[in-house]
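Asker: Dropping in protein27.cif, which is mmCIF, C-alpha atoms:
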data_upload
#
loop_
_atom_site.group_PDB
_atom_site.id
_atom_site.type_symbol
_atom_site.label_atom_id
_atom_site.label_comp_id
_atom_site.auth_asym_id
_atom_site.auth_seq_id
_atom_site.Cartn_x
_atom_site.Cartn_y
_atom_site.Cartn_z
ATOM 1 C CA MET Z 1 13.856 27.452 15.409
ATOM 2 C CA LEU Z 2 12.772 23.818 15.504
ATOM 3 C CA THR Z 3 15.252 21.092 16.354
ATOM 4 C CA CYS Z 4 15.951 18.354 13.791
ATOM 5 C CA LYS Z 5 14.088 15.893 15.982
ATOM 6 C CA GLU Z 6 11.003 18.121 16.040
ATOM 7 C CA PHE Z 7 11.264 18.576 12.287
ATOM 8 C CA LEU Z 8 11.371 14.824 11.679
ATOM 9 C CA GLN Z 9 8.356 14.225 13.881
ATOM 10 C CA GLU Z 10 6.302 16.494 11.630
ATOM 11 C CA LEU Z 11 7.819 15.320 8.351
ATOM 12 C CA SER Z 12 5.005 12.961 7.307
ATOM 13 C CA ASP Z 13 2.289 15.534 7.891
ATOM 14 C CA TYR Z 14 4.403 18.151 6.128
ATOM 15 C CA LEU Z 15 4.777 15.914 3.075
ATOM 16 C CA ASP Z 16 1.067 15.073 3.128
ATOM 17 C CA GLU Z 17 0.281 18.779 3.447
ATOM 18 C CA THR Z 18 -1.921 18.203 6.459
ATOM 19 C CA ILE Z 19 -0.412 20.811 8.779
ATOM 20 C CA ASP Z 20 -1.488 24.329 9.537
ATOM 21 C CA ALA Z 21 0.177 27.316 7.930
ATOM 22 C CA GLU Z 22 2.048 28.390 11.054
ATOM 23 C CA LEU Z 23 3.778 25.048 11.594
ATOM 24 C CA ARG Z 24 4.460 24.774 7.883
ATOM 25 C CA LYS Z 25 6.295 28.076 8.009
ATOM 26 C CA LYS Z 26 8.452 26.853 10.901
ATOM 27 C CA LEU Z 27 9.295 23.620 9.087
ATOM 28 C CA GLU Z 28 10.175 25.472 5.908
ATOM 29 C CA SER Z 29 12.380 27.831 7.804
ATOM 30 C CA HIS Z 30 14.138 24.839 9.410
ATOM 31 C CA ILE Z 31 15.000 23.220 6.082
ATOM 32 C CA THR Z 32 16.378 26.386 4.602
ATOM 33 C CA GLU Z 33 18.913 26.422 7.438
ATOM 34 C CA CYS Z 34 19.546 22.702 7.936
ATOM 35 C CA PRO Z 35 21.001 20.921 4.894
ATOM 36 C CA ASN Z 36 20.656 17.454 6.450
ATOM 37 C CA CYS Z 37 16.937 17.885 7.068
ATOM 38 C CA TRP Z 38 16.525 19.331 3.592
ATOM 39 C CA VAL Z 39 18.076 16.188 2.114
ATOM 40 C CA ILE Z 40 15.952 13.921 4.299
ATOM 41 C CA CYS Z 41 12.822 15.813 3.336
ATOM 42 C CA ASP Z 42 13.690 15.735 -0.376
ATOM 43 C CA THR Z 43 14.586 12.038 -0.442
ATOM 44 C CA SER Z 44 11.514 11.121 1.645
ATOM 45 C CA LYS Z 45 9.336 12.969 -0.844
ATOM 46 C CA LYS Z 46 11.018 11.079 -3.703
ATOM 47 C CA THR Z 47 10.596 7.777 -1.847
ATOM 48 C CA ILE Z 48 6.848 8.313 -1.635
ATOM 49 C CA GLN Z 49 6.652 9.474 -5.263
ATOM 50 C CA VAL Z 50 8.517 6.492 -6.624
ATOM 51 C CA TYR Z 51 6.171 4.081 -4.809
ATOM 52 C CA LYS Z 52 3.074 5.959 -5.892
ATOM 53 C CA GLY Z 53 4.246 5.815 -9.487
ATOM 54 C CA MET Z 54 4.578 2.032 -9.446
ATOM 55 C CA GLU Z 55 1.915 0.436 -11.646
ATOM 56 C CA PRO Z 56 0.561 -2.903 -10.447
ATOM 57 C CA GLN Z 57 1.672 -5.843 -12.578
ATOM 58 C CA ASN Z 58 -0.813 -8.090 -14.326
ATOM 59 C CA VAL Z 59 -1.980 -11.084 -12.357
ATOM 60 C CA PRO Z 60 -0.317 -14.185 -13.885
ATOM 61 C CA LYS Z 61 -2.634 -15.969 -16.312
ATOM 62 C CA ASP Z 62 -2.734 -19.252 -14.367
ATOM 63 C CA VAL Z 63 -3.549 -17.408 -11.124
ATOM 64 C CA GLN Z 64 -6.301 -15.490 -12.907
ATOM 65 C CA ASP Z 65 -7.717 -18.695 -14.408
ATOM 66 C CA ARG Z 66 -7.908 -20.348 -10.995
ATOM 67 C CA LEU Z 67 -9.629 -17.278 -9.575
ATOM 68 C CA MET Z 68 -12.212 -17.291 -12.354
ATOM 69 C CA LEU Z 69 -12.878 -20.990 -11.922
ATOM 70 C CA ALA Z 70 -13.386 -20.584 -8.172
ATOM 71 C CA LEU Z 71 -15.718 -17.638 -8.755
ATOM 72 C CA GLN Z 72 -17.768 -19.439 -11.367
ATOM 73 C CA LYS Z 73 -18.227 -22.359 -8.969
ATOM 74 C CA LYS Z 74 -19.293 -19.963 -6.238
ATOM 75 C CA MET Z 75 -21.745 -18.210 -8.531
ATOM 76 C CA ALA Z 76 -23.202 -21.514 -9.734
ATOM 77 C CA ALA Z 77 -23.642 -22.633 -6.121
ATOM 78 C CA LYS Z 78 -25.356 -19.359 -5.219
ATOM 79 C CA CYS Z 79 -27.726 -19.593 -8.200
ATOM 80 C CA GLY Z 80 -28.487 -23.197 -7.237
ATOM 81 C CA LYS Z 81 -29.441 -22.093 -3.734
ATOM 82 C CA VAL Z 82 -31.692 -19.339 -5.013
ATOM 83 C CA LYS Z 83 -33.512 -21.719 -7.362
ATOM 84 C CA ALA Z 84 -33.845 -24.355 -4.664
ATOM 85 C CA MET K 1 -11.349 -12.271 -17.916
ATOM 86 C CA ALA K 2 -12.518 -13.751 -21.193
ATOM 87 C CA ASP K 3 -15.713 -14.970 -19.580
ATOM 88 C CA PHE K 4 -16.779 -11.521 -18.481
ATOM 89 C CA VAL K 5 -17.306 -9.213 -21.349
ATOM 90 C CA MET K 6 -19.225 -6.249 -20.018
ATOM 91 C CA GLU K 7 -16.992 -3.227 -20.257
ATOM 92 C CA THR K 8 -19.316 -0.325 -20.729
ATOM 93 C CA GLY K 9 -22.886 0.696 -20.211
ATOM 94 C CA GLU K 10 -25.233 2.195 -22.726
ATOM 95 C CA GLY K 11 -23.645 4.940 -24.739
ATOM 96 C CA GLY K 12 -20.177 3.609 -23.906
ATOM 97 C CA ASN K 13 -20.084 4.946 -20.344
ATOM 98 C CA VAL K 14 -17.993 2.919 -17.972
ATOM 99 C CA PHE K 15 -20.088 1.778 -15.007
ATOM 100 C CA ASP K 16 -18.923 3.033 -11.656
ATOM 101 C CA ASP K 17 -18.389 0.640 -8.754
ATOM 102 C CA THR K 18 -21.737 1.325 -7.126
ATOM 103 C CA ALA K 19 -23.632 0.577 -10.321
ATOM 104 C CA LEU K 20 -21.670 -2.643 -10.820
ATOM 105 C CA VAL K 21 -22.230 -3.708 -7.195
ATOM 106 C CA ASN K 22 -25.966 -3.156 -7.609
ATOM 107 C CA LEU K 23 -26.048 -5.145 -10.838
ATOM 108 C CA ALA K 24 -23.994 -7.940 -9.226
ATOM 109 C CA ARG K 25 -26.402 -8.052 -6.280
ATOM 110 C CA GLY K 26 -29.187 -8.561 -8.767
ATOM 111 C CA GLY K 27 -27.358 -11.665 -10.003
ATOM 112 C CA ASP K 28 -25.422 -10.172 -12.933
ATOM 113 C CA ALA K 29 -22.265 -12.289 -13.067
ATOM 114 C CA ASN K 30 -20.659 -10.049 -15.672
ATOM 115 C CA ALA K 31 -20.960 -7.064 -13.365
ATOM 116 C CA PHE K 32 -19.037 -8.792 -10.601
ATOM 117 C CA GLY K 33 -16.522 -10.055 -13.150
ATOM 118 C CA HIS K 34 -15.931 -6.500 -14.185
ATOM 119 C CA LEU K 35 -15.244 -5.480 -10.580
ATOM 120 C CA VAL K 36 -12.753 -8.353 -10.374
ATOM 121 C CA SER K 37 -10.909 -7.244 -13.474
ATOM 122 C CA ARG K 38 -10.899 -3.661 -12.228
ATOM 123 C CA TYR K 39 -9.200 -4.488 -8.922
ATOM 124 C CA GLU K 40 -7.494 -7.876 -9.186
ATOM 125 C CA ARG K 41 -4.071 -6.402 -9.959
ATOM 126 C CA LYS K 42 -4.174 -4.066 -6.968
ATOM 127 C CA ILE K 43 -5.463 -6.725 -4.583
ATOM 128 C CA TYR K 44 -2.820 -9.188 -5.780
ATOM 129 C CA ARG K 45 -0.092 -6.587 -5.300
ATOM 130 C CA LEU K 46 -1.371 -5.693 -1.839
ATOM 131 C CA ALA K 47 -1.430 -9.359 -0.828
ATOM 132 C CA ARG K 48 2.081 -9.927 -2.166
ATOM 133 C CA HIS K 49 3.372 -6.924 -0.281
ATOM 134 C CA ILE K 50 1.852 -7.964 3.029
ATOM 135 C CA THR K 51 2.436 -11.719 2.851
ATOM 136 C CA ASP K 52 5.730 -11.614 0.928
ATOM 137 C CA SER K 53 4.710 -14.866 -0.755
ATOM 138 C CA GLU K 54 3.292 -15.481 -4.220
ATOM 139 C CA SER K 55 1.362 -18.579 -3.250
ATOM 140 C CA ASP K 56 -0.167 -16.889 -0.203
ATOM 141 C CA ALA K 57 -0.995 -13.895 -2.369
ATOM 142 C CA GLU K 58 -2.825 -16.141 -4.813
ATOM 143 C CA ASP K 59 -4.910 -17.612 -1.981
ATOM 144 C CA VAL K 60 -5.612 -14.135 -0.637
ATOM 145 C CA LEU K 61 -6.687 -12.901 -4.065
ATOM 146 C CA GLN K 62 -9.097 -15.775 -4.415
ATOM 147 C CA GLU K 63 -10.477 -15.600 -0.884
ATOM 148 C CA THR K 64 -10.936 -11.840 -1.126
ATOM 149 C CA PHE K 65 -13.122 -11.975 -4.207
ATOM 150 C CA LEU K 66 -15.000 -15.080 -3.069
ATOM 151 C CA LYS K 67 -15.812 -13.447 0.265
ATOM 152 C CA ALA K 68 -16.698 -10.171 -1.395
ATOM 153 C CA TYR K 69 -19.115 -11.995 -3.689
ATOM 154 C CA GLU K 70 -20.562 -13.976 -0.827
ATOM 155 C CA HIS K 71 -21.086 -10.931 1.377
ATOM 156 C CA LEU K 72 -22.054 -8.461 -1.314
ATOM 157 C CA ASP K 73 -25.421 -7.936 0.363
ATOM 158 C CA GLY K 74 -23.605 -6.911 3.541
ATOM 159 C CA PHE K 75 -21.671 -4.157 1.761
ATOM 160 C CA GLN K 76 -23.221 -1.005 3.135
ATOM 161 C CA GLY K 77 -22.196 1.389 0.452
ATOM 162 C CA ASN K 78 -21.122 4.007 3.002
ATOM 163 C CA SER K 79 -17.494 3.213 2.218
ATOM 164 C CA LYS K 80 -15.968 2.823 -1.206
ATOM 165 C CA PHE K 81 -16.185 -0.669 -2.682
ATOM 166 C CA TYR K 82 -12.423 -0.701 -3.137
ATOM 167 C CA THR K 83 -11.799 0.197 0.535
ATOM 168 C CA TRP K 84 -14.160 -2.590 1.568
ATOM 169 C CA LEU K 85 -12.276 -5.011 -0.694
ATOM 170 C CA VAL K 86 -8.957 -3.871 0.785
ATOM 171 C CA ARG K 87 -10.222 -4.581 4.297
ATOM 172 C CA ILE K 88 -11.062 -8.143 3.316
ATOM 173 C CA ALA K 89 -7.689 -8.577 1.579
ATOM 174 C CA VAL K 90 -5.767 -7.156 4.557
ATOM 175 C CA ASN K 91 -7.524 -9.535 6.965
ATOM 176 C CA GLU K 92 -6.856 -12.504 4.731
ATOM 177 C CA SER K 93 -3.207 -11.480 4.291
ATOM 178 C CA LEU K 94 -2.660 -11.062 8.025
ATOM 179 C CA MET K 95 -4.207 -14.460 8.666
ATOM 180 C CA LYS K 96 -1.721 -15.966 6.238
ATOM 181 C CA LEU K 97 1.169 -14.211 7.948
ATOM 182 C CA ARG K 98 0.054 -15.352 11.380
ATOM 183 C CA LYS K 99 -0.370 -18.912 10.198
ATOM 184 C CA ARG K 100 3.097 -18.960 8.690
ATOM 185 C CA ARG K 101 4.744 -17.522 11.746
ATOM 186 C CA SER K 102 2.715 -19.367 14.321
ATOM 187 C CA ASP K 103 5.752 -19.453 16.585
ATOM 188 C CA ARG K 104 5.858 -15.668 16.694
ATOM 189 C CA THR K 105 2.621 -13.748 16.834
ATOM 190 C CA VAL K 106 2.344 -11.203 14.081
ATOM 191 C CA SER K 107 0.187 -8.485 15.464
ATOM 192 C CA LEU K 108 -0.557 -5.063 14.210
ATOM 193 C CA ASP K 109 -1.433 -4.027 17.740
ATOM 194 C CA GLU K 110 1.988 -4.946 18.949
ATOM 195 C CA PRO K 111 3.956 -1.724 19.262
ATOM 196 C CA SER K 112 7.038 -2.983 17.459
ATOM 197 C CA ASP K 113 7.895 0.693 17.558
ATOM 198 C CA ASN K 114 9.932 0.992 20.715
ATOM 199 C CA GLY K 115 9.773 4.744 20.631
ATOM 200 C CA GLU K 116 13.352 5.148 19.492
ATOM 201 C CA GLU K 117 14.089 7.651 16.778
ATOM 202 C CA PRO K 118 14.953 6.003 13.494
ATOM 203 C CA MET K 119 18.637 6.426 12.757
ATOM 204 C CA MET K 120 19.583 8.522 9.767
ATOM 205 C CA ARG K 121 22.740 7.020 8.403
ATOM 206 C CA GLU K 122 22.251 7.863 4.770
ATOM 207 C CA VAL K 123 21.958 11.561 4.193
ATOM 208 C CA ALA K 124 22.750 11.988 0.521
ATOM 209 C CA VAL K 125 20.970 13.388 -2.491
ATOM 210 C CA TRP K 126 19.796 10.960 -5.169
ATOM 211 C CA GLU K 127 21.407 10.530 -8.538
ATOM 212 C CA GLY K 128 18.755 11.880 -10.932
ATOM 213 C CA SER K 129 15.389 10.184 -10.914
ATOM 214 C CA PRO K 130 15.216 6.425 -10.275
ATOM 215 C CA GLU K 131 12.632 6.081 -13.052
ATOM 216 C CA GLU K 132 15.233 7.256 -15.549
ATOM 217 C CA GLN K 133 18.129 5.318 -14.044
ATOM 218 C CA TYR K 134 16.500 1.895 -13.932
ATOM 219 C CA SER K 135 14.221 -0.202 -16.098
ATOM 220 C CA ASN K 136 10.671 -0.676 -14.783
ATOM 221 C CA GLU K 137 11.463 -4.236 -13.863
ATOM 222 C CA GLU K 138 14.678 -3.361 -12.002
ATOM 223 C CA LEU K 139 12.983 -0.536 -10.167
ATOM 224 C CA ARG K 140 10.049 -2.718 -9.179
ATOM 225 C CA GLY K 141 12.487 -5.301 -7.795
ATOM 226 C CA ILE K 142 14.332 -2.648 -5.755
ATOM 227 C CA LEU K 143 11.120 -1.153 -4.357
ATOM 228 C CA GLU K 144 9.610 -4.507 -3.438
ATOM 229 C CA LYS K 145 12.765 -5.718 -1.738
ATOM 230 C CA ALA K 146 12.915 -2.521 0.306
ATOM 231 C CA ILE K 147 9.301 -2.962 1.469
ATOM 232 C CA GLN K 148 9.922 -6.570 2.451
ATOM 233 C CA GLY K 149 12.683 -5.399 4.771
ATOM 234 C CA LEU K 150 10.130 -3.595 6.956
ATOM 235 C CA LYS K 151 8.330 -5.260 9.846
ATOM 236 C CA PRO K 152 4.732 -6.264 8.961
ATOM 237 C CA ALA K 153 3.241 -3.617 11.269
ATOM 238 C CA PHE K 154 5.092 -0.888 9.370
ATOM 239 C CA ARG K 155 4.927 -2.221 5.833
ATOM 240 C CA THR K 156 1.184 -2.824 6.042
ATOM 241 C CA VAL K 157 0.558 0.805 6.953
ATOM 242 C CA PHE K 158 2.955 2.043 4.269
ATOM 243 C CA VAL K 159 1.417 -0.142 1.566
ATOM 244 C CA LEU K 160 -2.113 1.035 2.347
ATOM 245 C CA ARG K 161 -1.191 4.717 2.582
ATOM 246 C CA ASP K 162 1.512 5.211 -0.019
ATOM 247 C CA VAL K 163 1.051 2.377 -2.493
ATOM 248 C CA GLU K 164 -2.725 1.858 -2.471
ATOM 249 C CA GLU K 165 -3.258 5.519 -1.566
ATOM 250 C CA LEU K 166 -5.902 5.051 1.123
ATOM 251 C CA SER K 167 -6.449 8.003 3.450
ATOM 252 C CA THR K 168 -5.158 7.950 7.030
ATOM 253 C CA GLU K 169 -8.739 7.357 8.239
ATOM 254 C CA GLU K 170 -9.375 4.539 5.756
ATOM 255 C CA THR K 171 -6.085 2.905 6.743
ATOM 256 C CA ALA K 172 -6.925 3.201 10.440
ATOM 257 C CA THR K 173 -10.314 1.574 9.835
ATOM 258 C CA ALA K 174 -8.897 -1.184 7.631
ATOM 259 C CA LEU K 175 -6.248 -2.113 10.202
ATOM 260 C CA ASP K 176 -8.282 -1.371 13.300
ATOM 261 C CA LEU K 177 -5.643 1.078 14.481
ATOM 262 C CA SER K 178 -5.907 4.570 15.930
ATOM 263 C CA ILE K 179 -5.074 7.525 13.695
ATOM 264 C CA PRO K 180 -1.961 8.445 15.765
ATOM 265 C CA ALA K 181 -0.751 4.828 15.451
ATOM 266 C CA VAL K 182 -1.172 4.950 11.658
ATOM 267 C CA LYS K 183 0.680 8.253 11.493
ATOM 268 C CA SER K 184 3.593 7.182 13.653
ATOM 269 C CA ARG K 185 4.014 3.889 11.782
ATOM 270 C CA LEU K 186 3.791 5.641 8.445
ATOM 271 C CA LEU K 187 6.510 8.084 9.428
ATOM 272 C CA ARG K 188 8.734 5.288 10.640
ATOM 273 C CA ALA K 189 8.117 3.235 7.475
ATOM 274 C CA ARG K 190 8.767 6.179 5.164
ATOM 275 C CA LEU K 191 12.027 7.026 6.918
ATOM 276 C CA GLU K 192 13.217 3.437 6.855
ATOM 277 C CA LEU K 193 12.422 3.090 3.172
ATOM 278 C CA ARG K 194 14.086 6.413 2.440
ATOM 279 C CA GLU K 195 17.171 5.085 4.170
ATOM 280 C CA ARG K 196 17.155 1.823 2.186
ATOM 281 C CA LEU K 197 16.511 3.513 -1.157
ATOM 282 C CA THR K 198 19.153 6.175 -0.540
ATOM 283 C CA ARG K 199 21.755 3.421 -0.202
ATOM 284 C CA ILE K 200 20.907 2.462 -3.783
ATOM 285 C CA PHE K 201 19.968 5.758 -5.394
ATOM 286 C CA LYS K 202 22.518 8.154 -3.862
ATOM 287 C CA GLN K 203 24.947 10.040 -6.031
ATOM 288 C CA LYS K 204 28.111 8.119 -6.591
ATOM 289 C CA GLY K 205 30.971 9.505 -4.572
ATOM 290 C CA GLU K 206 28.612 11.310 -2.220
ATOM 291 C CA ASP K 207 29.829 11.154 1.333
ATOM 292 C CA VAL K 208 27.704 9.333 3.828
ATOM 293 C CA LEU K 209 27.103 11.815 6.556
ATOM 294 C CA ALA K 210 26.266 10.811 10.064
ATOM 295 C CA TYR K 211 23.059 12.482 11.099
ATOM 296 C CA LEU K 212 22.948 14.343 14.415
#
Translate this file's structure into structure tokens.
Answerer:
Amino acid sequence: MLTCKEFLQELSDYLDETIDAELRKKLESHITECPNCWVICDTSKKTIQVYKGMEPQNVPKDVQDRLMLALQKKMAAKCGKVKA
Amino acid sequence: MADFVMETGEGGNVFDDTALVNLARGGDANAFGHLVSRYERKIYRLARHITDSESDAEDVLQETFLKAYEHLDGFQGNSKFYTWLVRIAVNESLMKLRKRRSDRTVSLDEPSDNGEEPMMREVAVWEGSPEEQYSNEELRGILEKAIQGLKPAFRTVFVLRDVEELSTEETATALDLSIPAVKSRLLRARLELRERLTRIFKQKGEDVLAYL
């Protein structure tokens, strides 16, 4: 049986499903017997999910306008160089 | 993006990044504009997360796309365009952070991780799903505030892996870190965020149990 400390060290890889079957089995057996680690595992999984589900906001219009202006200047300068 | 109108190729197919990069290299301004509109929201979010400043994020957004345009010929195509863009944005963001905190060096190499186990003070189940409990705006505010509470070395790794969804290898390359360093910082960041979010999302009346 793994200790809680050992379980926590493997938690990220467990959640990312990047561990081998044997270790996975040991981790799963740990959480069925350790309610604290089960809760930590469950809430860590939800933490990752809630961040992954966050849609990026639109870039504010004025910020976008300044970006476009800077890019157009850059493009004009590049074209100028090519022609020259 | 009113000035860039190209949305689709012939037959209504959306151009993939590689096709757009090739068109942009050939001098097609609309093609690069389309790449900008495809990724500007993500790059702006990434910059805000790392710099924790809207004005710095605006500069980073601009510098990222200007540099990308300038160095488009240097883009090898053996990595994804988006990953390449992220690398530029991360470098620009870290430069901003370092400039702002010139008294204290902000370094991703610095092992701010002193090897101690993160403390688990909040061991409680969550009250339903946060998406149902809070409006999008409230939830976004909670999540962003929690990220800003992390040290830059941890939040940068978390943002690349779990918000921008880069792979461990891509994150390691973007930050010039080893894979074990990315993994250990990610674990630490996830556990710290879990702790912070549990304080907000835990079931009311649930006891706070001391862990270990």
Asker: To verify the selection step, state as a PyMOL selection string which residues the PyMOL selection byres ((chain Z) within 9 of (chain K)) yields on this input.
Answerer: chain Z and resi 4-5+8-13+36-37+39-40+42-59+63-68+70-72+74-75+78-79
Asker: Neighbouring residues of segment 24-34 of chain Z were defined as those with any atom within 9 Å, considering all atoms listed in the file; residues of the same chain fewer than 4 positions away were excluded. Please report them as a list in words.
Answerer: Met1, Leu2, Thr3, Cys4, Phe7, Glu10, Leu11, Tyr14, Glu17, Ile19, Asp20, Trp38, Val39 and Cys41 of chain Z
Asker: May I ask for the distance between atom CA of Leu150 of chain K and atom CA of Ala189 of chain K, given in Å to one decimal place?
Answerer: 7.1 Å
Asker: Residue by residue, what does the PyMOL selection byres ((chain K and resi 96) around 9) grab here? Present the result as a ChimeraX atom specification.
Answerer: /K:51,56-57,59-60,91-95,97-101
Asker: Write a file of the just-selected residues containing C-alpha atoms, as a PDB file, in the coordinates of the input.
Answerer:
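Saved file result_36.pdb follows:
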ATOM      1  CA  THR K  51       2.436 -11.719   2.851  1.00  0.00           C
ATOM      2  CA  ASP K  56      -0.167 -16.889  -0.203  1.00  0.00           C
ATOM      3  CA  ALA K  57      -0.995 -13.895  -2.369  1.00  0.00           C
ATOM      4  CA  ASP K  59      -4.910 -17.612  -1.981  1.00  0.00           C
ATOM      5  CA  VAL K  60      -5.612 -14.135  -0.637  1.00  0.00           C
ATOM      6  CA  ASN K  91      -7.524  -9.535   6.965  1.00  0.00           C
ATOM      7  CA  GLU K  92      -6.856 -12.504   4.731  1.00  0.00           C
ATOM      8  CA  SER K  93      -3.207 -11.480   4.291  1.00  0.00           C
ATOM      9  CA  LEU K  94      -2.660 -11.062   8.025  1.00  0.00           C
ATOM     10  CA  MET K  95      -4.207 -14.460   8.666  1.00  0.00           C
ATOM     11  CA  LEU K  97       1.169 -14.211   7.948  1.00  0.00           C
ATOM     12  CA  ARG K  98       0.054 -15.352  11.380  1.00  0.00           C
ATOM     13  CA  LYS K  99      -0.370 -18.912  10.198  1.00  0.00           C
ATOM     14  CA  ARG K 100       3.097 -18.960   8.690  1.00  0.00           C
ATOM     15  CA  ARG K 101       4.744 -17.522  11.746  1.00  0.00           C
TER      16      ARG K 101
END
Asker: So, with only C-alpha atoms as the atoms that count, which of K:Arg25, K:Arg185, K:Thr156, K:Asn30 lies closest to Ala68 of chain K?
Answerer: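 The shortest atom-to-atom distance to Ala68 of chain K comes from K:Arg25.
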Asker: What does the distance between atom CA of Arg87 of chain K and atom CA of Ala174 of chain K come to in Å, to one decimal place?
Answerer: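 Going from atom CA of Arg87 of chain K over to atom CA of Ala174 of chain K covers 4.9 Å.
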Asker: Looking at all atoms listed in the file, which of K:Arg155, K:Gly128, K:Glu169, K:Asp16 is the one that sits closest to Tyr82 of chain K?
Answerer: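 Selected residue with least distance to Tyr82 of chain K: K:Asp16.
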Asker: Between K:Ile50, K:Val182, K:Leu23, K:Ile200, single out the one closest to Val157 of chain K, counting all atoms listed in the file.
Answerer: K:Val182
Asker: Rounded to one decimal, what separation in Å do you get between atom CA of Phe15 of chain K and atom CA of Arg38 of chain K?
Answerer: 11.0 Å
Asker: Considering all atoms listed in the file, state which residue in the set K:Val14, K:Gly26, K:Ile179, K:Ser167 is at the smallest distance from Asp16 of chain Z.
Answerer: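 Of the candidates, the smallest distance to Asp16 of chain Z is held by K:Ser167.
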Asker: Mind completing segment 21-34 of chain Z with N, CA, C and O atoms? Output as a PDB file, in the frame of the given file, please?
Answerer:
ATOM      1  N   ALA Z  21      -0.750  26.399   8.589  1.00  0.00           N
ATOM      2  CA  ALA Z  21       0.177  27.316   7.930  1.00  0.00           C
ATOM      3  C   ALA Z  21       1.333  27.731   8.847  1.00  0.00           C
ATOM      4  O   ALA Z  21       2.483  27.859   8.399  1.00  0.00           O
ATOM      5  N   GLU Z  22       1.018  27.902  10.123  1.00  0.00           N
ATOM      6  CA  GLU Z  22       2.048  28.390  11.054  1.00  0.00           C
ATOM      7  C   GLU Z  22       3.171  27.371  11.223  1.00  0.00           C
ATOM      8  O   GLU Z  22       4.356  27.705  11.146  1.00  0.00           O
ATOM      9  N   LEU Z  23       2.777  26.109  11.427  1.00  0.00           N
ATOM     10  CA  LEU Z  23       3.778  25.048  11.594  1.00  0.00           C
ATOM     11  C   LEU Z  23       4.551  24.847  10.294  1.00  0.00           C
ATOM     12  O   LEU Z  23       5.767  24.647  10.293  1.00  0.00           O
ATOM     13  N   ARG Z  24       3.832  24.932   9.195  1.00  0.00           N
ATOM     14  CA  ARG Z  24       4.460  24.774   7.883  1.00  0.00           C
ATOM     15  C   ARG Z  24       5.596  25.798   7.706  1.00  0.00           C
ATOM     16  O   ARG Z  24       6.675  25.466   7.239  1.00  0.00           O
ATOM     17  N   LYS Z  25       5.316  27.001   8.119  1.00  0.00           N
ATOM     18  CA  LYS Z  25       6.295  28.076   8.009  1.00  0.00           C
ATOM     19  C   LYS Z  25       7.549  27.736   8.828  1.00  0.00           C
ATOM     20  O   LYS Z  25       8.679  27.913   8.371  1.00  0.00           O
ATOM     21  N   LYS Z  26       7.320  27.215  10.030  1.00  0.00           N
ATOM     22  CA  LYS Z  26       8.452  26.853  10.901  1.00  0.00           C
ATOM     23  C   LYS Z  26       9.281  25.735  10.281  1.00  0.00           C
ATOM     24  O   LYS Z  26      10.508  25.747  10.340  1.00  0.00           O
ATOM     25  N   LEU Z  27       8.590  24.754   9.698  1.00  0.00           N
ATOM     26  CA  LEU Z  27       9.295  23.620   9.087  1.00  0.00           C
ATOM     27  C   LEU Z  27      10.094  24.101   7.881  1.00  0.00           C
ATOM     28  O   LEU Z  27      11.244  23.703   7.676  1.00  0.00           O
ATOM     29  N   GLU Z  28       9.479  24.975   7.101  1.00  0.00           N
ATOM     30  CA  GLU Z  28      10.175  25.472   5.908  1.00  0.00           C
ATOM     31  C   GLU Z  28      11.382  26.308   6.290  1.00  0.00           C
ATOM     32  O   GLU Z  28      12.420  26.245   5.635  1.00  0.00           O
ATOM     33  N   SER Z  29      11.239  27.027   7.381  1.00  0.00           N
ATOM     34  CA  SER Z  29      12.380  27.831   7.804  1.00  0.00           C
ATOM     35  C   SER Z  29      13.503  26.912   8.326  1.00  0.00           C
ATOM     36  O   SER Z  29      14.684  27.183   8.127  1.00  0.00           O
ATOM     37  N   HIS Z  30      13.114  25.791   8.947  1.00  0.00           N
ATOM     38  CA  HIS Z  30      14.138  24.839   9.410  1.00  0.00           C
ATOM     39  C   HIS Z  30      14.945  24.276   8.233  1.00  0.00           C
ATOM     40  O   HIS Z  30      16.171  24.228   8.278  1.00  0.00           O
ATOM     41  N   ILE Z  31      14.238  23.841   7.175  1.00  0.00           N
ATOM     42  CA  ILE Z  31      15.000  23.220   6.082  1.00  0.00           C
ATOM     43  C   ILE Z  31      15.837  24.206   5.264  1.00  0.00           C
ATOM     44  O   ILE Z  31      16.774  23.789   4.602  1.00  0.00           O
ATOM     45  N   THR Z  32      15.505  25.456   5.335  1.00  0.00           N
ATOM     46  CA  THR Z  32      16.378  26.386   4.602  1.00  0.00           C
ATOM     47  C   THR Z  32      17.703  26.559   5.358  1.00  0.00           C
ATOM     48  O   THR Z  32      18.709  26.945   4.774  1.00  0.00           O
ATOM     49  N   GLU Z  33      17.679  26.247   6.652  1.00  0.00           N
ATOM     50  CA  GLU Z  33      18.913  26.422   7.438  1.00  0.00           C
ATOM     51  C   GLU Z  33      19.612  25.122   7.788  1.00  0.00           C
ATOM     52  O   GLU Z  33      20.728  25.138   8.312  1.00  0.00           O
ATOM     53  N   CYS Z  34      18.946  23.982   7.551  1.00  0.00           N
ATOM     54  CA  CYS Z  34      19.546  22.702   7.936  1.00  0.00           C
ATOM     55  C   CYS Z  34      19.663  21.796   6.706  1.00  0.00           C
ATOM     56  O   CYS Z  34      18.669  21.205   6.277  1.00  0.00           O
TER      57      CYS Z  34
END
